[in-house]
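Scroll down for the structure; my scribbles are underneath it.
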Amino acid sequence: MNTRFSPDSSLAIYKSVQSALEPEIDRHLQRWGGKKTQWTKNCEVVKNFLQLRRNYLLNHVLQEFNLSGAAELQLRIEPPQSGSISLNSLTINAPSWKGLYFRDVPISLRAFSLPGYRFSSWNGVEESSSVFIRLNGDSVLTAFFVKDEASPYLIINEINYNSPPYLNAEDWIELYNPQDRTIDISFWKLTDFSNNSMFSFPQGCCIGPFQYLVVCKNQAAFQTIWGKDLVFLGDLPFGLSSKGDFIALLDDKGNVIDSLRFGVVWPWPAAANGKGAALALRYPWLDNSKAENWFASYNGGTPGFANTIRGEVDAEKQECQALSLSVYPNPMNSYAMIFVKGKTTQKCFITITDLLGRKIKDLYEGEIDETLLLNWNPSFLPSGIYFVILSTKEEKRIQKILIIR
């Protein structure tokens, strides 16, 4: 109701489709007849429908389940960037957010503090960070956080657990200090709780404010790949499993500072399992125990630096590069070459669809070993926009193509 069916979300998709179709409309009308004013009118009909759809859906649900109504819930975080709020299935990081919810249906809220802060209270709600509420009308809830300078806090920020042969730095774990003060980690421990194996930080070991420290399985192997200028320690007395593993950071008294269990298949980024990527946390204030808060950081990751994608601006784009899809030429007339680069043991499907998503042809089904080249003859298709869709269980790549007669 507040995501896929919201006008903002729907209209963004509408504008994307409209901008893709509009360059073709004049040629379409020239060939098939019609008036440009009708195209414009139809666009307005769709736009108005998307703007009103959520309200119609809302009223339908109210009537179908005999609910008493809906109310607006506004959430605020004070001070900004001091924490986040989990609202049912959503994670709210913005200082202010609002959405529509049914009055009769309980809502789950949980406040998470950013390192260096602790949760204080909700306004008008019990002080527990985790609450269930029912809305009686439009409501504004604020999660208040206060500075907590007394508690040192470090984050498990990046993990490399299965290097490919050409980038074999062996296993390493990156820690990040998100606080504006130096943290003394003398005699702190890193462990996977297997066979009581623990790495103990030496006396006098510190991490400066907003700095990184890498702990590696093999210092020589790590230095061969990343050089000697990075700040790193070793050797870890345990390795990280390519089937998934548990990692915990303990302070000198044995208290758990941070811990997580990572996986190797969806929803965890599978490209980190021997395909040249490391697991990287999207933002330091996110819950690092949840798979959706990690991405695949390619070219071996970014040990000792912020989790940005090497050579790419857009993190979302880079995550999908385990398999790359290209089509030549584009636009095309009588032939096309479809080129896939990458490697996967999962079953891969390549399909052609039209602009409405209707399947035109299945081109390929099977595994891909490094490269795949398909020759395709689209001569039976009329002019227009089509899509080549490459999909596996874990990812989907889509390439728009234009056929011109």
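A note on labels: chains of the structure tokens are A, B, ... as shown, every chain counts residues from 1, and ligands are counted from 1 in their shown order.
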Could you pull out the residues in range 329-375 of chain A that DSSP calls strand (DSSP E or B) from the backbone, as a short mmCIF file (atom, residue, chain, number, x, y, z; two decimals) with N, CA and C atoms, in the first residue's frame?
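What ended up in out.cif:
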```
data_model
loop_
_atom_site.label_atom_id
_atom_site.label_comp_id
_atom_site.auth_asym_id
_atom_site.auth_seq_id
_atom_site.Cartn_x
_atom_site.Cartn_y
_atom_site.Cartn_z
N MET A 332 18.47 -3.04 -34.72
CA MET A 332 18.78 -4.13 -35.62
C MET A 332 17.71 -4.26 -36.69
N ALA A 336 20.87 -10.57 -35.13
CA ALA A 336 21.41 -10.05 -33.86
C ALA A 336 22.30 -11.10 -33.24
N MET A 337 23.33 -10.65 -32.54
CA MET A 337 24.20 -11.51 -31.74
C MET A 337 23.97 -11.18 -30.27
N ILE A 338 23.65 -12.20 -29.50
CA ILE A 338 23.41 -12.04 -28.06
C ILE A 338 24.60 -12.65 -27.32
N PHE A 339 25.28 -11.83 -26.56
CA PHE A 339 26.54 -12.24 -25.92
C PHE A 339 26.37 -12.19 -24.40
N VAL A 340 26.66 -13.32 -23.73
CA VAL A 340 26.60 -13.40 -22.27
C VAL A 340 27.99 -13.74 -21.75
N LYS A 341 28.44 -12.97 -20.76
CA LYS A 341 29.74 -13.20 -20.17
C LYS A 341 29.57 -13.48 -18.69
N GLY A 342 30.23 -14.50 -18.19
CA GLY A 342 30.13 -14.87 -16.79
C GLY A 342 30.08 -16.37 -16.66
N LYS A 343 29.88 -16.84 -15.44
CA LYS A 343 29.85 -18.28 -15.21
C LYS A 343 28.84 -18.59 -14.13
N THR A 344 27.98 -19.56 -14.39
CA THR A 344 27.02 -19.99 -13.39
C THR A 344 26.70 -21.46 -13.60
N THR A 345 26.55 -22.18 -12.49
CA THR A 345 26.13 -23.58 -12.57
C THR A 345 24.62 -23.69 -12.44
N GLN A 346 23.96 -22.56 -12.20
CA GLN A 346 22.50 -22.58 -12.15
C GLN A 346 21.93 -22.58 -13.57
N LYS A 347 20.73 -23.07 -13.67
CA LYS A 347 20.08 -23.08 -14.98
C LYS A 347 19.77 -21.64 -15.38
N CYS A 348 20.14 -21.31 -16.61
CA CYS A 348 19.98 -19.96 -17.13
C CYS A 348 18.97 -19.98 -18.28
N PHE A 349 18.10 -18.97 -18.32
CA PHE A 349 17.09 -18.88 -19.36
C PHE A 349 17.26 -17.56 -20.11
N ILE A 350 17.21 -17.61 -21.44
CA ILE A 350 17.23 -16.40 -22.26
C ILE A 350 15.97 -16.39 -23.11
N THR A 351 15.20 -15.32 -22.97
CA THR A 351 13.88 -15.22 -23.58
C THR A 351 13.71 -13.87 -24.26
N ILE A 352 12.95 -13.85 -25.36
CA ILE A 352 12.58 -12.61 -26.03
C ILE A 352 11.12 -12.32 -25.71
N THR A 353 10.83 -11.08 -25.28
CA THR A 353 9.44 -10.67 -25.05
C THR A 353 9.17 -9.37 -25.79
N ASP A 354 7.87 -9.07 -25.97
CA ASP A 354 7.52 -7.78 -26.54
C ASP A 354 7.36 -6.75 -25.42
N LYS A 359 5.72 -13.43 -24.24
CA LYS A 359 6.88 -14.19 -24.70
C LYS A 359 6.83 -14.36 -26.22
N ILE A 360 7.95 -14.02 -26.88
CA ILE A 360 8.08 -14.20 -28.32
C ILE A 360 8.81 -15.50 -28.63
N LYS A 361 9.90 -15.74 -27.91
CA LYS A 361 10.70 -16.92 -28.22
C LYS A 361 11.62 -17.25 -27.04
N ASP A 362 11.78 -18.55 -26.76
CA ASP A 362 12.80 -19.03 -25.82
C ASP A 362 14.07 -19.32 -26.62
N LEU A 363 15.18 -18.65 -26.28
CA LEU A 363 16.41 -18.80 -27.05
C LEU A 363 17.39 -19.79 -26.43
N TYR A 364 17.38 -19.91 -25.09
CA TYR A 364 18.41 -20.74 -24.47
C TYR A 364 17.95 -21.20 -23.10
N GLU A 365 18.37 -22.41 -22.72
CA GLU A 365 18.16 -22.94 -21.38
C GLU A 365 19.34 -23.84 -21.03
N GLY A 366 20.06 -23.52 -19.96
CA GLY A 366 21.20 -24.33 -19.57
C GLY A 366 22.21 -23.52 -18.76
N GLU A 367 23.35 -24.14 -18.47
CA GLU A 367 24.41 -23.47 -17.72
C GLU A 367 25.25 -22.61 -18.66
N ILE A 368 26.01 -21.69 -18.06
CA ILE A 368 26.92 -20.85 -18.83
C ILE A 368 28.32 -20.99 -18.25
N ASP A 369 29.26 -21.29 -19.11
CA ASP A 369 30.65 -21.46 -18.70
C ASP A 369 31.50 -20.38 -19.37
N GLU A 370 31.71 -19.28 -18.66
CA GLU A 370 32.52 -18.14 -19.09
C GLU A 370 31.83 -17.28 -20.15
N THR A 371 31.49 -17.85 -21.33
CA THR A 371 30.86 -17.03 -22.37
C THR A 371 29.80 -17.84 -23.11
N LEU A 372 28.83 -17.12 -23.68
CA LEU A 372 27.80 -17.74 -24.50
C LEU A 372 27.47 -16.76 -25.63
N LEU A 373 27.49 -17.22 -26.87
CA LEU A 373 27.16 -16.39 -28.03
C LEU A 373 26.02 -17.05 -28.80
N LEU A 374 24.92 -16.32 -28.96
CA LEU A 374 23.76 -16.80 -29.69
C LEU A 374 23.52 -15.92 -30.90
N ASN A 375 23.25 -16.52 -32.03
CA ASN A 375 22.84 -15.79 -33.23
C ASN A 375 21.32 -15.90 -33.35
#
```
Report task. With a distance cut-off of 8 Å and only C-alpha atoms, select the neighbouring residues of Gly137 in chain A, excluding the residue or stretch itself and same-chain residues fewer than 4 positions from it, and output the selection as an MDAnalysis selection string. Result -> chainID A and resid 70:72 103
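Here CA of Leu325 in chain A stands at a distance of 23.6 Å from CA of Leu167 in chain A.
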Query - Contact residues around Ser96 in chain A with only C-alpha atoms at 7 Å, ignoring same-chain residues under 2 positions, as number ranges by chain - result: A: 75-77, 94
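Considering only range 109-351 of chain A, backbone DSSP assigns alpha helix (DSSP H) to A:Gln219, A:Ala220, A:Ala221, A:Phe222, A:Gln223, A:Thr224, A:Ile225, A:Trp226, A:Ala315, A:Glu316, A:Lys317, A:Gln318, A:Glu319.
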Let me see the file: selected residues, C-alpha atoms, as a PDB file, in the first residue's frame.
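And here is the file that came out, out_13.pdb:
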```
ATOM      1  CA  GLN A 219      49.040 -11.909   5.850  1.00  0.00           C
ATOM      2  CA  ALA A 220      51.437 -12.871   3.063  1.00  0.00           C
ATOM      3  CA  ALA A 221      48.612 -13.750   0.643  1.00  0.00           C
ATOM      4  CA  PHE A 222      46.702 -10.589   1.559  1.00  0.00           C
ATOM      5  CA  GLN A 223      49.766  -8.381   1.050  1.00  0.00           C
ATOM      6  CA  THR A 224      50.454  -9.970  -2.331  1.00  0.00           C
ATOM      7  CA  ILE A 225      47.054  -8.821  -3.597  1.00  0.00           C
ATOM      8  CA  TRP A 226      46.518  -5.584  -1.686  1.00  0.00           C
ATOM      9  CA  ALA A 315      25.987   0.061  -6.534  1.00  0.00           C
ATOM     10  CA  GLU A 316      22.754  -1.501  -7.740  1.00  0.00           C
ATOM     11  CA  LYS A 317      24.118  -1.760 -11.270  1.00  0.00           C
ATOM     12  CA  GLN A 318      27.363  -3.385 -10.115  1.00  0.00           C
ATOM     13  CA  GLU A 319      25.595  -6.032  -8.042  1.00  0.00           C
TER      14      GLU A 319
END
```
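Proximity of A:Ser89, A:Asn218, A:Asn157, A:Asn123 to Ser108 in chain A, computed with only C-alpha atoms, is greatest for A:Ser89.
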Query raised in the report: Can you list, as a VMD selection string, every protein, DNA or RNA residue that comes within 8 Å of Leu355 in chain A when you count only C-alpha atoms, leaving out same-chain residues fewer than 2 positions away?
Result: chain A and resid 353 357 to 358 385 to 387
Residues near Leu11 in chain A, anyone? I mean within 10 Å using only C-alpha atoms, not counting same-chain ones fewer than 6 positions away, as a PDB file with all heavy atoms, in the first residue's frame.
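Writing the result to around-v7.pdb gives the following:
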```pdb
ATOM      1  N   PHE A   5       2.050   0.231  -4.507  1.00  0.00           N
ATOM      2  CA  PHE A   5       0.802   0.845  -4.939  1.00  0.00           C
ATOM      3  C   PHE A   5       0.766   2.348  -4.681  1.00  0.00           C
ATOM      4  O   PHE A   5      -0.244   2.990  -4.970  1.00  0.00           O
ATOM      5  CB  PHE A   5      -0.381   0.176  -4.238  1.00  0.00           C
ATOM      6  CG  PHE A   5      -0.674  -1.202  -4.755  1.00  0.00           C
ATOM      7  CD1 PHE A   5      -0.226  -2.321  -4.078  1.00  0.00           C
ATOM      8  CD2 PHE A   5      -1.377  -1.389  -5.931  1.00  0.00           C
ATOM      9  CE1 PHE A   5      -0.489  -3.595  -4.548  1.00  0.00           C
ATOM     10  CE2 PHE A   5      -1.645  -2.659  -6.416  1.00  0.00           C
ATOM     11  CZ  PHE A   5      -1.191  -3.767  -5.721  1.00  0.00           C
ATOM     12  N   VAL A  17       8.115   3.936 -18.825  1.00  0.00           N
ATOM     13  CA  VAL A  17       7.528   3.271 -20.001  1.00  0.00           C
ATOM     14  C   VAL A  17       7.132   4.307 -21.050  1.00  0.00           C
ATOM     15  O   VAL A  17       7.354   4.124 -22.255  1.00  0.00           O
ATOM     16  CB  VAL A  17       6.316   2.422 -19.579  1.00  0.00           C
ATOM     17  CG1 VAL A  17       5.606   1.849 -20.803  1.00  0.00           C
ATOM     18  CG2 VAL A  17       6.744   1.310 -18.641  1.00  0.00           C
ATOM     19  N   VAL A  46      -4.092   6.649 -18.134  1.00  0.00           N
ATOM     20  CA  VAL A  46      -3.252   5.767 -17.326  1.00  0.00           C
ATOM     21  C   VAL A  46      -2.698   6.511 -16.114  1.00  0.00           C
ATOM     22  O   VAL A  46      -2.676   5.991 -14.987  1.00  0.00           O
ATOM     23  CB  VAL A  46      -2.105   5.190 -18.183  1.00  0.00           C
ATOM     24  CG1 VAL A  46      -1.143   4.378 -17.308  1.00  0.00           C
ATOM     25  CG2 VAL A  46      -2.645   4.332 -19.308  1.00  0.00           C
ATOM     26  N   LYS A  47      -2.260   7.740 -16.334  1.00  0.00           N
ATOM     27  CA  LYS A  47      -1.700   8.536 -15.244  1.00  0.00           C
ATOM     28  C   LYS A  47      -2.735   8.774 -14.145  1.00  0.00           C
ATOM     29  O   LYS A  47      -2.438   8.612 -12.949  1.00  0.00           O
ATOM     30  CB  LYS A  47      -1.183   9.862 -15.803  1.00  0.00           C
ATOM     31  CG  LYS A  47      -0.474  10.734 -14.790  1.00  0.00           C
ATOM     32  CD  LYS A  47       0.054  11.989 -15.471  1.00  0.00           C
ATOM     33  CE  LYS A  47       0.757  12.895 -14.463  1.00  0.00           C
ATOM     34  NZ  LYS A  47       1.276  14.122 -15.126  1.00  0.00           N
ATOM     35  N   ASN A  48      -3.935   9.126 -14.537  1.00  0.00           N
ATOM     36  CA  ASN A  48      -4.999   9.352 -13.556  1.00  0.00           C
ATOM     37  C   ASN A  48      -5.358   8.069 -12.813  1.00  0.00           C
ATOM     38  O   ASN A  48      -5.616   8.083 -11.597  1.00  0.00           O
ATOM     39  CB  ASN A  48      -6.243   9.920 -14.242  1.00  0.00           C
ATOM     40  CG  ASN A  48      -6.042  11.341 -14.738  1.00  0.00           C
ATOM     41  OD1 ASN A  48      -5.210  12.076 -14.206  1.00  0.00           O
ATOM     42  ND2 ASN A  48      -6.802  11.729 -15.753  1.00  0.00           N
ATOM     43  N   PHE A  49      -5.370   6.951 -13.538  1.00  0.00           N
ATOM     44  CA  PHE A  49      -5.644   5.662 -12.904  1.00  0.00           C
ATOM     45  C   PHE A  49      -4.617   5.359 -11.818  1.00  0.00           C
ATOM     46  O   PHE A  49      -4.969   4.941 -10.704  1.00  0.00           O
ATOM     47  CB  PHE A  49      -5.648   4.557 -13.961  1.00  0.00           C
ATOM     48  CG  PHE A  49      -5.612   3.168 -13.382  1.00  0.00           C
ATOM     49  CD1 PHE A  49      -6.752   2.598 -12.831  1.00  0.00           C
ATOM     50  CD2 PHE A  49      -4.436   2.437 -13.380  1.00  0.00           C
ATOM     51  CE1 PHE A  49      -6.711   1.323 -12.290  1.00  0.00           C
ATOM     52  CE2 PHE A  49      -4.386   1.163 -12.844  1.00  0.00           C
ATOM     53  CZ  PHE A  49      -5.537   0.606 -12.295  1.00  0.00           C
ATOM     54  N   LEU A  50      -3.334   5.567 -12.123  1.00  0.00           N
ATOM     55  CA  LEU A  50      -2.281   5.278 -11.148  1.00  0.00           C
ATOM     56  C   LEU A  50      -2.355   6.213  -9.951  1.00  0.00           C
ATOM     57  O   LEU A  50      -2.047   5.812  -8.819  1.00  0.00           O
ATOM     58  CB  LEU A  50      -0.908   5.390 -11.826  1.00  0.00           C
ATOM     59  CG  LEU A  50      -0.630   4.367 -12.928  1.00  0.00           C
ATOM     60  CD1 LEU A  50       0.717   4.644 -13.579  1.00  0.00           C
ATOM     61  CD2 LEU A  50      -0.659   2.946 -12.368  1.00  0.00           C
ATOM     62  N   GLN A  51      -2.765   7.439 -10.175  1.00  0.00           N
ATOM     63  CA  GLN A  51      -2.890   8.379  -9.064  1.00  0.00           C
ATOM     64  C   GLN A  51      -4.035   8.008  -8.128  1.00  0.00           C
ATOM     65  O   GLN A  51      -3.974   8.257  -6.927  1.00  0.00           O
ATOM     66  CB  GLN A  51      -3.100   9.796  -9.603  1.00  0.00           C
ATOM     67  CG  GLN A  51      -1.854  10.384 -10.258  1.00  0.00           C
ATOM     68  CD  GLN A  51      -2.123  11.713 -10.935  1.00  0.00           C
ATOM     69  OE1 GLN A  51      -3.215  11.946 -11.453  1.00  0.00           O
ATOM     70  NE2 GLN A  51      -1.128  12.582 -10.950  1.00  0.00           N
TER      71      GLN A  51
END
```
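Using only C-alpha atoms, the smallest distance between any of A:Thr182, A:Gln38, A:Leu249, A:Lys243 and Phe199 in chain A comes from A:Leu249.
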Skip range 267-273 of chain A itself and residues of its chain fewer than 4 positions away, then list as a compact mmCIF listing (two decimals) with C-alpha atoms, in the first residue's frame all residues within 10 Å of it, counting only C-alpha atoms.
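Writing the result to result-v9.txt gives the following:
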```txt
# COMPACT_ATOMS: atom_id res chain seq x y z
CA ILE A 159 33.82 -10.14 4.50
CA ASN A 160 35.89 -12.06 1.97
CA TYR A 161 35.32 -15.79 2.38
CA ASN A 162 36.08 -17.41 -1.00
CA SER A 163 38.58 -15.73 -3.32
CA PRO A 164 38.90 -16.77 -6.98
CA SER A 241 33.34 -21.52 5.00
CA SER A 242 32.10 -21.22 1.43
CA LYS A 243 28.90 -22.83 2.70
CA GLY A 244 28.18 -19.94 5.08
CA PHE A 262 26.27 -14.98 6.50
CA GLY A 263 24.94 -17.17 3.72
CA ALA A 277 33.43 -10.18 -5.06
CA ALA A 278 33.45 -9.60 -1.31
CA LEU A 279 30.41 -9.20 0.93
CA ALA A 280 30.02 -5.50 1.77
CA LYS A 290 20.05 -9.28 7.35
CA ALA A 291 21.00 -10.44 3.86
CA GLU A 292 19.27 -7.55 2.09
CA ASN A 293 21.68 -5.09 3.73
CA TRP A 294 24.72 -6.58 1.95
CA PHE A 295 25.89 -6.26 -1.65
CA ALA A 296 28.59 -7.86 -3.77
CA SER A 297 31.66 -5.58 -3.90
CA TYR A 298 33.48 -6.57 -7.07
CA GLY A 300 37.89 -8.33 -4.57
CA GLY A 301 36.14 -5.75 -2.40
CA GLU A 319 25.59 -6.03 -8.04
CA CYS A 320 24.10 -7.60 -11.14
CA GLN A 321 27.38 -8.11 -12.97
CA ALA A 322 27.89 -11.79 -12.12
CA LEU A 323 26.44 -12.28 -15.61
CA THR A 344 27.02 -19.99 -13.39
CA GLU A 394 19.32 -15.32 -8.25
CA GLU A 395 19.40 -12.55 -10.82
```
Report summary line: Counting only C-alpha atoms, closest pick from A:Val146, A:Val131, A:Ile92, A:Val264 relative to Tyr117 in chain A is A:Val146
Requested in this report: Enter the distance from CA of Gly254 in chain A to CA of Asp184 in chain A, in Å, rounded to one decimal.
Outcome: 14.8 Å
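Across the model, the gap from CA of His28 in chain A to CA of Tyr14 in chain A is 19.5 Å.
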Requested in this report: For Ser200 in chain A, list every protein, DNA or RNA residue within 6 Å, evaluated using only C-alpha atoms, and leave out those in the same chain fewer than 2 positions away; present the list as an MDAnalysis selection string.
Outcome: chainID A and resid 187:189
Based on the selection just made, write C-alpha atoms of those residues as a CSV table (one decimal), in the first residue's frame.
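This is the output file part.csv:
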```csv
chain,number,residue,atom,x,y,z
A,187,PHE,CA,42.6,-8.3,23.9
A,188,TRP,CA,39.3,-8.2,22.0
A,189,LYS,CA,38.5,-11.4,20.1
```
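Among the candidates A:Gly384, A:Pro303, A:Pro378, A:Pro23, the one nearest to Leu356 in chain A when counting only C-alpha atoms is A:Gly384.
If only C-alpha atoms are the atoms counted, then among A:Lys147, A:Lys217, A:Lys275, A:Lys35 the closest residue to Glu174 in chain A is A:Lys217.
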